[in-house]
Each structure stands twice: as C-alpha cells, then as structure tokens.
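Asks: File name data04.pdb; file contents PDB, C-alpha atoms (C1' of nucleotides); full text below.
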MODEL        1
ATOM      1  CA  MET V   1      12.491 -22.297   1.646
ATOM      2  CA  LYS V   2      15.430 -22.426  -0.702
ATOM      3  CA  GLN V   3      18.726 -20.653  -0.270
ATOM      4  CA  ALA V   4      18.480 -19.081  -3.701
ATOM      5  CA  LYS V   5      15.185 -17.503  -2.785
ATOM      6  CA  ARG V   6      16.517 -16.178   0.452
ATOM      7  CA  LYS V   7      19.492 -14.614  -1.261
ATOM      8  CA  LYS V   8      17.297 -12.878  -3.760
ATOM      9  CA  LEU V   9      15.261 -11.303  -1.013
ATOM     10  CA  GLU V  10      18.280 -10.331   1.021
ATOM     11  CA  ALA V  11      19.851  -8.776  -2.022
ATOM     12  CA  LYS V  12      16.826  -6.558  -2.365
ATOM     13  CA  GLY V  13      17.193  -5.229   1.134
ATOM     14  CA  TRP V  14      14.382  -7.081   2.842
ATOM     15  CA  LYS V  15      15.190  -7.641   6.456
ATOM     16  CA  VAL V  16      15.849 -11.311   6.353
ATOM     17  CA  GLY V  17      19.341 -11.138   7.740
ATOM     18  CA  THR V  18      19.211 -14.095  10.046
ATOM     19  CA  ALA V  19      17.724 -17.475   9.427
ATOM     20  CA  ALA V  20      15.347 -16.932  12.302
ATOM     21  CA  GLU V  21      14.092 -13.680  10.912
ATOM     22  CA  PHE V  22      13.710 -15.200   7.521
ATOM     23  CA  LEU V  23      11.785 -18.142   8.799
ATOM     24  CA  GLY V  24       9.681 -15.636  10.675
ATOM     25  CA  LEU V  25       8.106 -14.528   7.422
ATOM     26  CA  SER V  26       4.683 -16.020   7.069
ATOM     27  CA  PRO V  27       3.684 -17.529   3.742
ATOM     28  CA  GLU V  28       1.358 -14.577   3.233
ATOM     29  CA  GLU V  29       4.156 -12.097   3.768
ATOM     30  CA  GLU V  30       6.253 -14.010   1.288
ATOM     31  CA  VAL V  31       3.538 -13.892  -1.338
ATOM     32  CA  LEU V  32       3.078 -10.180  -0.793
ATOM     33  CA  ILE V  33       6.805  -9.606  -1.258
ATOM     34  CA  ASP V  34       6.694 -11.713  -4.389
ATOM     35  CA  MET V  35       3.930  -9.594  -5.790
ATOM     36  CA  LYS V  36       5.723  -6.371  -5.010
ATOM     37  CA  LEU V  37       8.935  -7.584  -6.582
ATOM     38  CA  ALA V  38       6.986  -8.583  -9.675
ATOM     39  CA  LEU V  39       5.476  -5.110  -9.858
ATOM     40  CA  ALA V  40       8.911  -3.563  -9.424
ATOM     41  CA  ARG V  41      10.321  -5.598 -12.269
ATOM     42  CA  HIS V  42       7.393  -4.811 -14.494
ATOM     43  CA  MET V  43       7.824  -1.169 -13.697
ATOM     44  CA  LYS V  44      11.442  -1.113 -14.738
ATOM     45  CA  ALA V  45      10.712  -3.097 -17.870
ATOM     46  CA  LEU V  46       7.915  -0.757 -18.891
ATOM     47  CA  ARG V  47       9.973   2.331 -18.214
ATOM     48  CA  THR V  48      12.859   0.995 -20.244
ATOM     49  CA  ARG V  49      10.584  -0.016 -23.077
ATOM     50  CA  LYS V  50       9.144   3.502 -23.117
ATOM     51  CA  LYS V  51      12.628   4.961 -23.029
ATOM     52  CA  LEU V  52      11.883   7.057 -20.005
ATOM     53  CA  SER V  53      14.401   8.031 -17.356
ATOM     54  CA  GLN V  54      13.635   7.587 -13.676
ATOM     55  CA  LYS V  55      13.383  11.344 -13.549
ATOM     56  CA  ASP V  56      10.710  11.288 -16.241
ATOM     57  CA  VAL V  57       8.678   8.737 -14.322
ATOM     58  CA  ALA V  58       9.144  10.705 -11.121
ATOM     59  CA  LYS V  59       7.596  13.695 -12.840
ATOM     60  CA  LEU V  60       4.608  11.716 -14.088
ATOM     61  CA  LEU V  61       4.179  10.259 -10.615
ATOM     62  CA  GLU V  62       4.798  13.543  -8.834
ATOM     63  CA  SER V  63       7.527  11.836  -6.901
ATOM     64  CA  SER V  64      11.306  11.897  -7.007
ATOM     65  CA  GLN V  65      14.025  10.095  -8.933
ATOM     66  CA  SER V  66      15.369   8.533  -5.783
ATOM     67  CA  ARG V  67      12.014   7.064  -4.896
ATOM     68  CA  VAL V  68      11.620   5.641  -8.369
ATOM     69  CA  ALA V  69      15.040   4.030  -7.983
ATOM     70  CA  LYS V  70      13.956   2.521  -4.670
ATOM     71  CA  MET V  71      10.767   1.239  -6.234
ATOM     72  CA  GLU V  72      12.640  -0.491  -9.015
ATOM     73  CA  ALA V  73      15.109  -1.877  -6.510
ATOM     74  CA  GLY V  74      12.188  -3.456  -4.693
ATOM     75  CA  GLU V  75      12.967  -1.800  -1.391
ATOM     76  CA  PRO V  76      10.714  -2.758   1.503
ATOM     77  CA  SER V  77       9.855   0.856   2.213
ATOM     78  CA  VAL V  78       7.810   1.072  -0.963
ATOM     79  CA  SER V  79       4.080   0.468  -0.805
ATOM     80  CA  MET V  80       2.085  -1.545  -3.258
ATOM     81  CA  ASP V  81      -0.090   1.513  -3.781
ATOM     82  CA  LEU V  82       2.880   3.475  -5.058
ATOM     83  CA  LEU V  83       4.044   0.668  -7.311
ATOM     84  CA  VAL V  84       0.607   0.385  -8.835
ATOM     85  CA  LYS V  85       0.312   4.146  -9.293
ATOM     86  CA  ALA V  86       3.656   4.177 -11.060
ATOM     87  CA  LEU V  87       2.599   1.502 -13.491
ATOM     88  CA  LEU V  88      -0.670   3.271 -14.147
ATOM     89  CA  VAL V  89       0.920   6.618 -14.929
ATOM     90  CA  MET V  90       3.166   4.829 -17.382
ATOM     91  CA  GLY V  91       0.078   3.560 -19.138
ATOM     92  CA  ALA V  92      -0.283   0.046 -17.793
ATOM     93  CA  SER V  93      -3.824  -1.301 -17.766
ATOM     94  CA  GLN V  94      -5.653  -3.062 -14.960
ATOM     95  CA  LYS V  95      -5.212  -6.214 -16.979
ATOM     96  CA  ASP V  96      -1.467  -5.696 -17.146
ATOM     97  CA  LEU V  97      -1.358  -5.272 -13.406
ATOM     98  CA  ALA V  98      -3.448  -8.366 -12.836
ATOM     99  CA  LYS V  99      -1.102 -10.402 -14.982
ATOM    100  CA  THR V 100       1.906  -9.109 -13.110
ATOM    101  CA  ILE V 101       0.387  -9.849  -9.757
ATOM    102  CA  ALA V 102      -0.480 -13.375 -10.757
ATOM    103  CA  THR V 103       3.150 -13.984 -11.649
ATOM    104  CA  LYS V 104       5.392 -15.804  -9.228
ATOM    105  CA  SER V 105       8.566 -13.740  -9.129
ATOM    106  CA  ILE V 106      10.686 -16.067  -7.050
ATOM    107  CA  ALA V 107      10.749 -19.814  -7.355
ATOM    108  CA  ALA V 108       8.819 -21.268  -4.447
TER     109      ALA V 108
ATOM    110  CA  MET X   1     -17.569  11.039 -15.083
ATOM    111  CA  LYS X   2     -21.024   9.902 -14.194
ATOM    112  CA  GLN X   3     -23.019  10.977 -11.196
ATOM    113  CA  ALA X   4     -23.645   7.414 -10.151
ATOM    114  CA  LYS X   5     -19.957   6.746  -9.992
ATOM    115  CA  ARG X   6     -19.316   9.846  -7.981
ATOM    116  CA  LYS X   7     -21.976   8.934  -5.477
ATOM    117  CA  LYS X   8     -20.529   5.508  -4.987
ATOM    118  CA  LEU X   9     -17.154   6.965  -4.170
ATOM    119  CA  GLU X  10     -18.558   9.609  -1.897
ATOM    120  CA  ALA X  11     -20.548   6.999  -0.064
ATOM    121  CA  LYS X  12     -17.356   5.147   0.674
ATOM    122  CA  GLY X  13     -15.796   8.169   2.300
ATOM    123  CA  TRP X  14     -13.382   9.195  -0.398
ATOM    124  CA  LYS X  15     -12.775  12.887  -0.276
ATOM    125  CA  VAL X  16     -14.648  13.856  -3.372
ATOM    126  CA  GLY X  17     -17.021  16.216  -1.656
ATOM    127  CA  THR X  18     -17.001  18.971  -4.208
ATOM    128  CA  ALA X  19     -17.170  18.711  -7.950
ATOM    129  CA  ALA X  20     -13.819  20.408  -8.196
ATOM    130  CA  GLU X  21     -12.188  17.948  -5.870
ATOM    131  CA  PHE X  22     -13.735  15.091  -7.712
ATOM    132  CA  LEU X  23     -12.614  16.325 -11.058
ATOM    133  CA  GLY X  24      -9.199  16.701  -9.504
ATOM    134  CA  LEU X  25      -8.815  12.955  -9.408
ATOM    135  CA  SER X  26      -6.602  11.769 -12.212
ATOM    136  CA  PRO X  27      -7.657   8.752 -14.246
ATOM    137  CA  GLU X  28      -4.869   6.799 -12.555
ATOM    138  CA  GLU X  29      -6.138   7.695  -9.113
ATOM    139  CA  GLU X  30      -9.599   6.590 -10.151
ATOM    140  CA  VAL X  31      -8.326   3.247 -11.346
ATOM    141  CA  LEU X  32      -6.417   2.732  -8.137
ATOM    142  CA  ILE X  33      -9.549   3.473  -6.115
ATOM    143  CA  ASP X  34     -11.475   1.070  -8.298
ATOM    144  CA  MET X  35      -8.985  -1.640  -7.605
ATOM    145  CA  LYS X  36      -9.041  -1.051  -3.893
ATOM    146  CA  LEU X  37     -12.812  -1.095  -3.786
ATOM    147  CA  ALA X  38     -12.789  -4.348  -5.712
ATOM    148  CA  LEU X  39     -10.381  -5.845  -3.191
ATOM    149  CA  ALA X  40     -12.552  -4.587  -0.350
ATOM    150  CA  ARG X  41     -15.628  -6.215  -1.820
ATOM    151  CA  HIS X  42     -13.803  -9.439  -2.450
ATOM    152  CA  MET X  43     -12.582  -9.404   1.079
ATOM    153  CA  LYS X  44     -16.037  -9.096   2.551
ATOM    154  CA  ALA X  45     -17.393 -11.738   0.208
ATOM    155  CA  LEU X  46     -14.664 -14.185   1.139
ATOM    156  CA  ARG X  47     -15.059 -13.538   4.849
ATOM    157  CA  THR X  48     -18.797 -14.069   4.654
ATOM    158  CA  ARG X  49     -18.383 -17.207   2.613
ATOM    159  CA  LYS X  50     -15.996 -18.549   5.207
ATOM    160  CA  LYS X  51     -18.390 -17.579   7.975
ATOM    161  CA  LEU X  52     -15.786 -15.563   9.780
ATOM    162  CA  SER X  53     -16.482 -12.486  11.882
ATOM    163  CA  GLN X  54     -14.465  -9.299  11.431
ATOM    164  CA  LYS X  55     -12.893 -10.139  14.749
ATOM    165  CA  ASP X  56     -11.770 -13.510  13.416
ATOM    166  CA  VAL X  57     -10.139 -11.903  10.415
ATOM    167  CA  ALA X  58      -8.534  -9.282  12.614
ATOM    168  CA  LYS X  59      -6.908 -12.069  14.584
ATOM    169  CA  LEU X  60      -5.589 -13.807  11.473
ATOM    170  CA  LEU X  61      -4.323 -10.480  10.214
ATOM    171  CA  GLU X  62      -2.958  -9.370  13.582
ATOM    172  CA  SER X  63      -5.047  -6.251  13.286
ATOM    173  CA  SER X  64      -8.261  -5.052  14.888
ATOM    174  CA  GLN X  65     -11.962  -5.443  14.217
ATOM    175  CA  SER X  66     -12.334  -1.751  13.554
ATOM    176  CA  ARG X  67      -9.641  -1.788  10.924
ATOM    177  CA  VAL X  68     -11.241  -4.752   9.213
ATOM    178  CA  ALA X  69     -14.504  -2.840   9.168
ATOM    179  CA  LYS X  70     -12.765   0.123   7.594
ATOM    180  CA  MET X  71     -11.169  -2.109   5.012
ATOM    181  CA  GLU X  72     -14.482  -3.587   3.998
ATOM    182  CA  ALA X  73     -15.983  -0.125   3.920
ATOM    183  CA  GLY X  74     -13.318   0.859   1.439
ATOM    184  CA  GLU X  75     -12.036   3.754   3.488
ATOM    185  CA  PRO X  76      -9.287   5.811   1.905
ATOM    186  CA  SER X  77      -7.005   5.319   4.883
ATOM    187  CA  VAL X  78      -6.538   1.660   4.021
ATOM    188  CA  SER X  79      -3.549   0.625   1.960
ATOM    189  CA  MET X  80      -3.570  -1.851  -0.850
ATOM    190  CA  ASP X  81      -0.897  -3.771   1.008
ATOM    191  CA  LEU X  82      -3.237  -4.350   3.916
ATOM    192  CA  LEU X  83      -6.129  -5.350   1.676
ATOM    193  CA  VAL X  84      -3.941  -7.868  -0.091
ATOM    194  CA  LYS X  85      -2.597  -9.237   3.182
ATOM    195  CA  ALA X  86      -6.122  -9.683   4.444
ATOM    196  CA  LEU X  87      -7.164 -11.645   1.395
ATOM    197  CA  LEU X  88      -4.065 -13.794   1.627
ATOM    198  CA  VAL X  89      -4.581 -14.715   5.274
ATOM    199  CA  MET X  90      -8.102 -15.747   4.378
ATOM    200  CA  GLY X  91      -6.659 -18.127   1.858
ATOM    201  CA  ALA X  92      -7.018 -16.238  -1.393
ATOM    202  CA  SER X  93      -4.478 -17.148  -4.070
ATOM    203  CA  GLN X  94      -2.392 -14.834  -6.208
ATOM    204  CA  LYS X  95      -4.680 -15.800  -9.048
ATOM    205  CA  ASP X  96      -7.733 -14.760  -7.067
ATOM    206  CA  LEU X  97      -6.138 -11.419  -6.372
ATOM    207  CA  ALA X  98      -5.221 -10.930  -9.997
ATOM    208  CA  LYS X  99      -8.775 -11.596 -11.031
ATOM    209  CA  THR X 100     -10.104  -9.137  -8.516
ATOM    210  CA  ILE X 101      -7.700  -6.451  -9.564
ATOM    211  CA  ALA X 102      -8.594  -6.875 -13.192
ATOM    212  CA  THR X 103     -12.233  -6.259 -12.318
ATOM    213  CA  LYS X 104     -13.749  -2.866 -12.877
ATOM    214  CA  SER X 105     -15.677  -2.134  -9.704
ATOM    215  CA  ILE X 106     -17.450   0.998 -10.824
ATOM    216  CA  ALA X 107     -18.920   1.601 -14.239
ATOM    217  CA  ALA X 108     -16.606   3.909 -16.138
TER     218      ALA X 108
ATOM    219  C1'  DT Y   1      39.669   9.504 -22.325
ATOM    220  C1'  DG Y   2      36.295  12.689 -19.517
ATOM    221  C1'  DA Y   3      32.212  14.930 -18.858
ATOM    222  C1'  DA Y   4      27.341  14.629 -18.940
ATOM    223  C1'  DA Y   5      23.336  11.897 -18.043
ATOM    224  C1'  DA Y   6      21.321   8.336 -15.548
ATOM    225  C1'  DT Y   7      20.924   5.628 -11.587
ATOM    226  C1'  DA Y   8      21.855   4.265  -6.678
ATOM    227  C1'  DT Y   9      22.136   5.115  -1.761
ATOM    228  C1'  DG Y  10      21.533   7.443   2.548
ATOM    229  C1'  DT Y  11      19.000  10.676   5.393
ATOM    230  C1'  DC Y  12      15.153  13.225   7.138
ATOM    231  C1'  DA Y  13      10.895  15.948   8.218
ATOM    232  C1'  DA Y  14       6.244  15.631   6.858
ATOM    233  C1'  DA Y  15       2.408  12.934   5.485
ATOM    234  C1'  DT Y  16      -0.167   8.859   5.777
ATOM    235  C1'  DA Y  17      -1.451   4.257   7.595
ATOM    236  C1'  DT Y  18      -1.724   1.493  11.597
ATOM    237  C1'  DG Y  19      -3.654  -1.124  15.751
ATOM    238  C1'  DA Y  20      -5.998  -0.208  19.715
ATOM    239  C1'  DC Y  21      -9.594   1.498  22.189
ATOM    240  C1'  DA Y  22     -14.261   3.335  23.289
ATOM    241  C1'  DT Y  23     -18.613   3.329  22.027
ATOM    242  C1'  DA Y  24     -22.602   3.506  18.867
ATOM    243  C1'  DC Y  25     -25.572   0.851  16.075
ATOM    244  C1'  DA Y  26     -27.536  -3.470  14.046
ATOM    245  C1'  DA Y  27     -28.708  -8.196  13.761
ATOM    246  C1'  DT Y  28     -29.835 -12.522  15.882
ATOM    247  C1'  DC Y  29     -32.500 -15.321  18.714
ATOM    248  C1'  DA Y  30     -34.042 -17.477  23.190
TER     249       DA Y  30
ATOM    250  C1'  DT L   1     -38.529  -8.296  24.973
ATOM    251  C1'  DG L   2     -33.480  -7.792  26.033
ATOM    252  C1'  DA L   3     -29.169  -9.808  25.946
ATOM    253  C1'  DT L   4     -25.526 -11.409  23.121
ATOM    254  C1'  DT L   5     -22.874 -11.119  19.068
ATOM    255  C1'  DG L   6     -21.416  -8.693  15.195
ATOM    256  C1'  DT L   7     -20.472  -4.415  12.744
ATOM    257  C1'  DA L   8     -19.673   0.704  12.230
ATOM    258  C1'  DT L   9     -17.549   5.011  13.510
ATOM    259  C1'  DG L  10     -14.513   8.198  15.743
ATOM    260  C1'  DT L  11     -10.124   9.199  17.941
ATOM    261  C1'  DC L  12      -5.337   8.861  18.841
ATOM    262  C1'  DA L  13      -0.365   7.671  19.703
ATOM    263  C1'  DT L  14       2.788   5.138  17.138
ATOM    264  C1'  DA L  15       4.718   3.229  12.968
ATOM    265  C1'  DT L  16       5.496   3.330   8.232
ATOM    266  C1'  DT L  17       5.733   5.618   3.831
ATOM    267  C1'  DT L  18       6.609   9.710   1.420
ATOM    268  C1'  DG L  19       9.054  13.369  -1.531
ATOM    269  C1'  DA L  20      13.005  15.867  -1.324
ATOM    270  C1'  DC L  21      17.646  16.532  -1.019
ATOM    271  C1'  DA L  22      22.688  15.529  -1.124
ATOM    272  C1'  DT L  23      25.891  12.843  -2.962
ATOM    273  C1'  DA L  24      28.020   8.513  -4.692
ATOM    274  C1'  DT L  25      28.305   5.450  -8.413
ATOM    275  C1'  DT L  26      27.472   3.841 -13.017
ATOM    276  C1'  DT L  27      26.468   4.381 -17.876
ATOM    277  C1'  DT L  28      26.682   6.699 -22.145
ATOM    278  C1'  DC L  29      28.912   8.652 -25.843
ATOM    279  C1'  DA L  30      31.573  12.317 -28.328
TER     280       DA L  30
ENDMDL
END
Just dump the structure as structure tokens.
Replies:
Amino acid sequence: MKQAKRKKLEAKGWKVGTAAEFLGLSPEEEVLIDMKLALARHMKALRTRKKLSQKDVAKLLESSQSRVAKMEAGEPSVSMDLLVKALLVMGASQKDLAKTIATKSIAA
Amino acid sequence: MKQAKRKKLEAKGWKVGTAAEFLGLSPEEEVLIDMKLALARHMKALRTRKKLSQKDVAKLLESSQSRVAKMEAGEPSVSMDLLVKALLVMGASQKDLAKTIATKSIAA
DNA sequence: TGAAAATATGTCAAATATGACATACAATCA
DNA sequence: TGATTGTATGTCATATTTGACATATTTTCA
C-alpha cells in the first residue's frame, strides 16, 4: 500500500488514522472504498456538467444539501445505494454506473 | 409496467403489494432494485460455482448464514454495499461487478 | 469591495441495515 | 427410512445511515 493512496483516503475522512488501522483494511474493503469514491467523483462531475447546485440534486433525491455535500466528499457514512440513487436521478444510465464502478479511483 | 415484472418483485419481498404502491416506485428506484437483484443472482451463481455453502460465505463475509440467504433472496433489507462486499470476498473483480450492474435483471 | 449563492462541516433523532439466534423446511444419501 | 447438511424465514438488539438543521466557509459577481 502506497503512502499516496493512504493520504487520499485519510483526506476523505475514512478512518485510517493509524498505520495499524489502515493495514487492517482488507483488500475487499479497499476495493469497495475505491468504487464509492469513483461514484462520488462521477456524481460531482455529472452535477457540474448539468449545472445543478447541490440543493437542486438534494431536491431530486429527496435528500438535503448537506448530505449531497457529504456524498461528493466521499464520506464513509454514505452508502453505495445512496450514491447510485443520486446518479440515477441525475440521469445516469446503468451503463454509466457500470463504467464508473469498473474504474480504479486510486492507484493500487 | 408489466404484470410479469411486478410479480417478480413481489415474489422477492419488495413492498409492492398494492398497485398504488407499485406505481409509487420511481423509475430510479426500479433501476436500483434491478441492479440489486442482478447482484443477488450473481452472488448465488458464483457461490454455487465455487461449491460454497451459505455458511461458508457468511464466514468469509463475517456475517451470518441467514443474512446470506436474505441477500440471495434479494430482500429489500439488504444494502448494495453488502452485496458488493459479498461478491468481492468470493473473488469477483470490479469488472465482474460492473458487468453485473449493467445487466437488466427484469424485462422493462 | 461586500453581499448573495453555493458548498462544507458538525450534530442529532429517526429510519434502516446488521449479525445473531431460533427454528422451519428442503435436499442429500447411507 | 431418518439423519445430516444446507437453505429459508422470522425476530430482535445493536449499529449504521439518513434527512434535517444550524452554521461556517468558500465562491461568485455586480
């Protein structure tokens, strides 16, 4: 595991404070985090492209601006279900989602 | 929305008991359910192919046999996160997941 | 500039998902 | 057959995720 990768995750708020904790992440957990971060990035990109505010997306999602912010920030408290829903309400297709999920977000 | 589709969802335990409730599902919610059912099917297929019992998978996943059963049954109480984790611990790749997610599980 | 709009961050009660357990049912096979 | 193994179903206390809210910070632009 590279330092750069660790920093990226820490920066996002994932609880990887100590080396021990970080090493405690299984490869599967890492991949899941990768996928969620990829979805978060896609979400922000799509929203920006559509010129929507976080408030706008919150309305479409029936959620709140603060939660949308947390989603885009890739906070650990956000479920994959919610990320996917958000992309769908912004008009993303299943294919779009598949592509995003297949994307490695952090260099291995 | 076709009857066949509705029956499939009802059979899985999704709360679509009445026509009104069913019609209350937004297209995005339907797609999300589709995706989760596709993951559930993939999960069972992979487990069977690997000749693992639900108990075996539960151990890998640090979960329980009953939850694995519910996952495979496509119960609404199961998160996408958990489905993805399950596939990952069984050795599925991000690419596999992407493919599954791109798959329409129920005829539109 | 400065004020308005957008975004970020922190908190919390309510809603939902979770593993664990008991137990029912089904499949396998000696 | 029945006994063993595997799967399904229901329940529940606990854990996590949620929308909402307040408020801080940043961005935008006249």
Asks: Set out as CSV a contact list for chain V and chain L with a cut-off of 9 Å, giving each residue of chain V that qualifies its closest atom pair and distance in Å to one decimal, counting all atoms listed in the file, ordered by chain and rising residue number.
Replies:
residue,atom,partner,partner_atom,distance
V:Glu62,CA,L:DG19,C1',8.5
V:Ser63,CA,L:DG19,C1',5.8
V:Ser64,CA,L:DG19,C1',6.1
V:Ser66,CA,L:DA20,C1',8.9
V:Arg67,CA,L:DG19,C1',7.7
V:Ser77,CA,L:DT17,C1',6.5
V:Val78,CA,L:DT17,C1',6.9
V:Ser79,CA,L:DT17,C1',7.1
Asks: For chain V against chain Y, with a cut-off of 9 Å and counting only C-alpha atoms (C1' of nucleotides), what is the closest atom pair and its distance in Å to one decimal for every residue that makes the cut, ordered by chain and number, as a Markdown table?
Replies:
| residue | atom | partner | partner_atom | distance |
| --- | --- | --- | --- | --- |
| V:Ser53 | CA | Y:DA6 | C1' | 7.2 |
| V:Gln54 | CA | Y:DT7 | C1' | 7.8 |
| V:Lys55 | CA | Y:DA6 | C1' | 8.7 |
| V:Gln65 | CA | Y:DT7 | C1' | 8.6 |
| V:Ser66 | CA | Y:DA8 | C1' | 7.8 |
| V:Ala69 | CA | Y:DA8 | C1' | 6.9 |
| V:Lys70 | CA | Y:DA8 | C1' | 8.3 |
Asks: So what does the PyMOL selection byres ((chain V) within 6 of (chain X)) actually pick up in this one, as JSON, numbers by chain?
Replies: {"V": [28, 80, 81, 88, 94, 95, 98, 101, 102]}
Asks: Kindly resolve the PyMOL selection byres ((chain X and resi 38-49) around 6) on the present coordinates and return the residues as a list of chain:residue names.
Replies: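 So the PyMOL selection byres ((chain X and resi 38-49) around 6) ends up selecting X:Met35, X:Lys36, X:Leu37, X:Lys50, X:Lys51, X:Leu52, X:Glu72, X:Gly74, X:Leu87, X:Ser105.
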Asks: Mind giving me the straight-line distance from CA of Leu25 in chain X to CA of Asp56 in chain V in Å, one decimal?
Replies: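 One can read the CA of Leu25 in chain X to CA of Asp56 in chain V distance as 20.8 Å.
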Asks: Grab the CA of Glu75 in chain V to CA of Leu60 in chain V distance for me, in Å with one decimal place.
Replies: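 Interatomic distance, CA of Glu75 in chain V to CA of Leu60 in chain V: 20.3 Å.
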